[in-house]
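Heads up, the thing below is written out as structure tokens.
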Amino acid sequence: MEYKLEKETALVEAILFLESEPLSEEAISIIGQLSKDVVEIALENLKERYSSEACGFELTQITGGWILTPKKDLWNFLKEKYGKKNEGKLSKSAMETLSIIAYSQPITRAEIEAIRGVSADNMVRLLMERNLIRETGKKDVPGKPIQYGTTKEFLKFFRLNSIADLPKLDETESERFELAR
């Protein structure tokens, strides 16, 4: 027997519309006072509804939770006006440093500098201020240098569910990251 659950789907849609952070199925279940099974069916209904070209939204899984986002092809037109003012405004060197950290984490400042060939102090400071990277521990070598990795904010910023969703590096790029380590 197939259940449409139209009112429940509308409730889940309204919850996702009102929330600005990704919500787990459990959180949606608690907020909407719905069973987890009903939430799962409602999410499937929404995915189906948003698959139409006539719809401007999609249901996106980011950092393990669900959120309504503009469709990717529409976002390119919208991000200038609706993106956070500082959101997409990372310099080339900040993006390069962030890429190195994302693909090589956990990584020390010296390892970042070995790959980039220049000091990473300012970029690491900037990325930490923007909450895109964080200290993940200390490397077990003399001097115990701090290691860095990406944050949940990084995943949200790039609309990724997990670090495994990063685009794959080609062989040349992978070798460049390995040579410095």
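Within each chain, counting starts at residue 1; across the structure tokens, chains are named A, B, ... in the order shown, with ligands numbered 1 upward in that order.
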Q: Check the DSSP output for the backbone and give back, as an NGL selection string, the residues of segment 75-115 of chain A in helix (DSSP H, G or I).
A: :A and (75-82 or 92-104 or 109-115)
Q. Looking at only C-alpha atoms, which of A:Pro167, A:Pro106, A:Gly117, A:Gly56 is the one that sits closest to Thr69 of chain A?
A.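 For Thr69 of chain A, the nearest of the given residues is A:Gly56.
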Q: Rank nothing, just name the residue among A:Val38, A:Ile115, A:Leu160, A:Leu11 nearest to Thr60 of chain A, using only C-alpha atoms.
A: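 Of A:Val38, A:Ile115, A:Leu160, A:Leu11, the one nearest Thr60 of chain A is A:Leu160, counting only C-alpha atoms.
Closest approach to Leu155 of chain A from the set A:Val124, A:Ile133, A:Ile112, A:Ile62 is made by A:Ile62, with distances taken over only C-alpha atoms.
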Q | Surrounding residues of Asp37 of chain A excluding itself and chain neighbours under 2 positions, 12 Å, only C-alpha atoms, as a VMD selection string | A | chain A and resid 3 5 8 to 9 25 to 26 28 to 29 33 to 35 39 to 44
Since we have the selection now, will you write its residues out, keeping all heavy atoms, as a tab-separated table (two decimals), in the first residue's frame?
```tsv
chain	number	residue	atom	x	y	z
A	3	TYR	N	1.39	5.27	0.58
A	3	TYR	CA	0.81	6.40	1.28
A	3	TYR	C	1.29	7.69	0.65
A	3	TYR	O	2.48	7.87	0.41
A	3	TYR	CB	1.21	6.38	2.76
A	3	TYR	CG	0.73	5.16	3.48
A	3	TYR	CD1	1.58	4.09	3.74
A	3	TYR	CD2	-0.60	5.06	3.91
A	3	TYR	CE1	1.14	2.95	4.40
A	3	TYR	CE2	-1.05	3.93	4.57
A	3	TYR	CZ	-0.19	2.89	4.82
A	3	TYR	OH	-0.63	1.77	5.46
A	5	LEU	N	0.61	10.84	2.07
A	5	LEU	CA	1.02	11.69	3.18
A	5	LEU	C	1.20	13.15	2.75
A	5	LEU	O	2.21	13.79	3.05
A	5	LEU	CB	2.33	11.16	3.80
A	5	LEU	CG	2.29	9.73	4.34
A	5	LEU	CD1	3.67	9.29	4.76
A	5	LEU	CD2	1.33	9.61	5.50
A	8	GLU	N	1.56	15.69	5.71
A	8	GLU	CA	2.84	15.48	6.39
A	8	GLU	C	4.01	15.99	5.53
A	8	GLU	O	4.94	16.59	6.03
A	8	GLU	CB	3.04	13.99	6.73
A	8	GLU	CG	2.08	13.47	7.77
A	8	GLU	CD	0.72	13.01	7.21
A	8	GLU	OE1	0.41	13.29	6.02
A	8	GLU	OE2	-0.04	12.38	7.96
A	9	THR	N	3.91	15.75	4.22
A	9	THR	CA	4.94	16.24	3.30
A	9	THR	C	4.96	17.77	3.31
A	9	THR	O	6.03	18.37	3.36
A	9	THR	CB	4.70	15.70	1.87
A	9	THR	OG1	4.75	14.26	1.90
A	9	THR	CG2	5.75	16.22	0.90
A	25	GLU	N	16.96	13.79	9.88
A	25	GLU	CA	15.61	13.23	9.84
A	25	GLU	C	15.03	13.17	11.24
A	25	GLU	O	13.84	13.42	11.44
A	25	GLU	CB	15.64	11.84	9.18
A	25	GLU	CG	15.95	11.94	7.70
A	25	GLU	CD	16.20	10.60	7.02
A	25	GLU	OE1	15.83	9.55	7.59
A	25	GLU	OE2	16.77	10.62	5.92
A	26	GLU	N	15.89	12.89	12.22
A	26	GLU	CA	15.44	12.83	13.61
A	26	GLU	C	14.94	14.20	14.08
A	26	GLU	O	13.89	14.30	14.71
A	26	GLU	CB	16.59	12.36	14.51
A	26	GLU	CG	16.20	12.17	15.95
A	26	GLU	CD	17.37	11.72	16.83
A	26	GLU	OE1	18.35	11.17	16.29
A	26	GLU	OE2	17.26	11.93	18.03
A	28	ILE	N	13.77	16.65	12.19
A	28	ILE	CA	12.51	16.93	11.49
A	28	ILE	C	11.37	16.17	12.17
A	28	ILE	O	10.29	16.71	12.38
A	28	ILE	CB	12.60	16.55	9.99
A	28	ILE	CG1	13.67	17.40	9.28
A	28	ILE	CG2	11.25	16.70	9.31
A	28	ILE	CD1	14.04	16.90	7.89
A	29	SER	N	11.65	14.94	12.54
A	29	SER	CA	10.67	14.09	13.21
A	29	SER	C	10.21	14.72	14.53
A	29	SER	O	9.01	14.78	14.82
A	29	SER	CB	11.31	12.71	13.47
A	29	SER	OG	10.48	11.91	14.24
A	33	GLN	N	6.65	16.38	15.00
A	33	GLN	CA	5.94	15.34	15.76
A	33	GLN	C	5.45	14.24	14.82
A	33	GLN	O	4.29	13.85	14.84
A	33	GLN	CB	4.80	15.95	16.57
A	33	GLN	CG	5.29	16.95	17.60
A	33	GLN	CD	4.18	17.61	18.38
A	33	GLN	OE1	3.00	17.49	18.06
A	33	GLN	NE2	4.55	18.33	19.43
A	34	LEU	N	6.38	13.78	13.97
A	34	LEU	CA	6.10	12.73	12.99
A	34	LEU	C	7.04	11.56	13.24
A	34	LEU	O	8.15	11.75	13.74
A	34	LEU	CB	6.33	13.26	11.57
A	34	LEU	CG	5.51	14.47	11.13
A	34	LEU	CD1	6.08	15.05	9.84
A	34	LEU	CD2	4.05	14.08	10.95
A	35	SER	N	6.62	10.37	12.84
A	35	SER	CA	7.53	9.22	12.97
A	35	SER	C	8.64	9.34	11.93
A	35	SER	O	8.49	10.02	10.91
A	35	SER	CB	6.76	7.91	12.76
A	35	SER	OG	6.49	7.72	11.39
A	39	VAL	N	8.68	10.81	8.00
A	39	VAL	CA	9.63	11.83	7.54
A	39	VAL	C	10.36	11.33	6.30
A	39	VAL	O	10.53	12.08	5.33
A	39	VAL	CB	10.62	12.21	8.67
A	39	VAL	CG1	11.76	13.07	8.13
A	39	VAL	CG2	9.89	12.93	9.80
A	40	GLU	N	10.79	10.07	6.31
A	40	GLU	CA	11.50	9.50	5.15
A	40	GLU	C	10.62	9.53	3.90
A	40	GLU	O	11.08	9.91	2.82
A	40	GLU	CB	11.95	8.07	5.45
A	40	GLU	CG	13.13	8.01	6.40
A	40	GLU	CD	13.50	6.59	6.83
A	40	GLU	OE1	12.99	5.62	6.23
A	40	GLU	OE2	14.31	6.47	7.77
A	41	ILE	N	9.35	9.16	4.04
A	41	ILE	CA	8.43	9.19	2.90
A	41	ILE	C	8.22	10.63	2.43
A	41	ILE	O	8.24	10.91	1.22
A	41	ILE	CB	7.07	8.53	3.27
A	41	ILE	CG1	7.27	7.02	3.52
A	41	ILE	CG2	6.03	8.76	2.18
A	41	ILE	CD1	6.08	6.32	4.17
A	42	ALA	N	8.07	11.56	3.38
A	42	ALA	CA	7.86	12.97	3.03
A	42	ALA	C	9.08	13.51	2.28
A	42	ALA	O	8.92	14.25	1.29
A	42	ALA	CB	7.60	13.79	4.29
A	43	LEU	N	10.28	13.15	2.72
A	43	LEU	CA	11.50	13.61	2.03
A	43	LEU	C	11.55	13.06	0.60
A	43	LEU	O	11.91	13.79	-0.33
A	43	LEU	CB	12.75	13.22	2.81
A	43	LEU	CG	12.98	13.97	4.13
A	43	LEU	CD1	14.11	13.34	4.92
A	43	LEU	CD2	13.25	15.45	3.88
A	44	GLU	N	11.16	11.81	0.44
A	44	GLU	CA	11.11	11.21	-0.92
A	44	GLU	C	10.08	11.95	-1.78
A	44	GLU	O	10.33	12.22	-2.95
A	44	GLU	CB	10.80	9.71	-0.85
A	44	GLU	CG	11.95	8.86	-0.38
A	44	GLU	CD	13.21	9.03	-1.23
A	44	GLU	OE1	13.12	9.04	-2.47
A	44	GLU	OE2	14.30	9.17	-0.63
```
Q: One decimal, Å: what's the distance from atom CA of Glu19 of chain A over to atom CA of Ile67 of chain A, could you say?
A: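 Atom CA of Glu19 of chain A sits 7.8 Å away from atom CA of Ile67 of chain A.
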Q: Just give me the gap between atom CA of Glu171 of chain A and atom CA of Tyr148 of chain A in Å, one decimal is fine.
A: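 If I compute the distance from atom CA of Glu171 of chain A to atom CA of Tyr148 of chain A, I get 23.7 Å.
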Q: Write out as a list in words each polymer residue whose atoms come within 10 Å of Glu96 of chain A, counting only C-alpha atoms; drop sequence neighbours fewer than 4 positions from it.
A: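 After dropping sequence-adjacent residues, the list is Leu90, Ser91, Lys92, Ile100, Ile101, Ala102, Ile112, Ile115, Arg116 and Met123 of chain A.
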**Q.** Lys72 of chain A surroundings by only C-alpha atoms, 12 Å radius, close-in-sequence under 3 positions cut, as an MDAnalysis selection string
**A.** chainID A and resid 53 55:60 68:69 75:79 158:159
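Closest approach to Gly137 of chain A among A:Ala114, A:Ile163, A:Ile107, A:Leu169 is made by A:Ile107 (distances from only C-alpha atoms).
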Q | Among the residues A:Ala110, A:Leu23, A:Ile146, A:Ile30, the one that comes closest to Gln61 of chain A [using only C-alpha atoms] | A | A:Leu23
Q: Pick out the closest residue to Leu126 of chain A from this set: A:Pro145, A:Lys152, A:Ala94, A:Tyr103. Count only C-alpha atoms.
A: A:Ala94
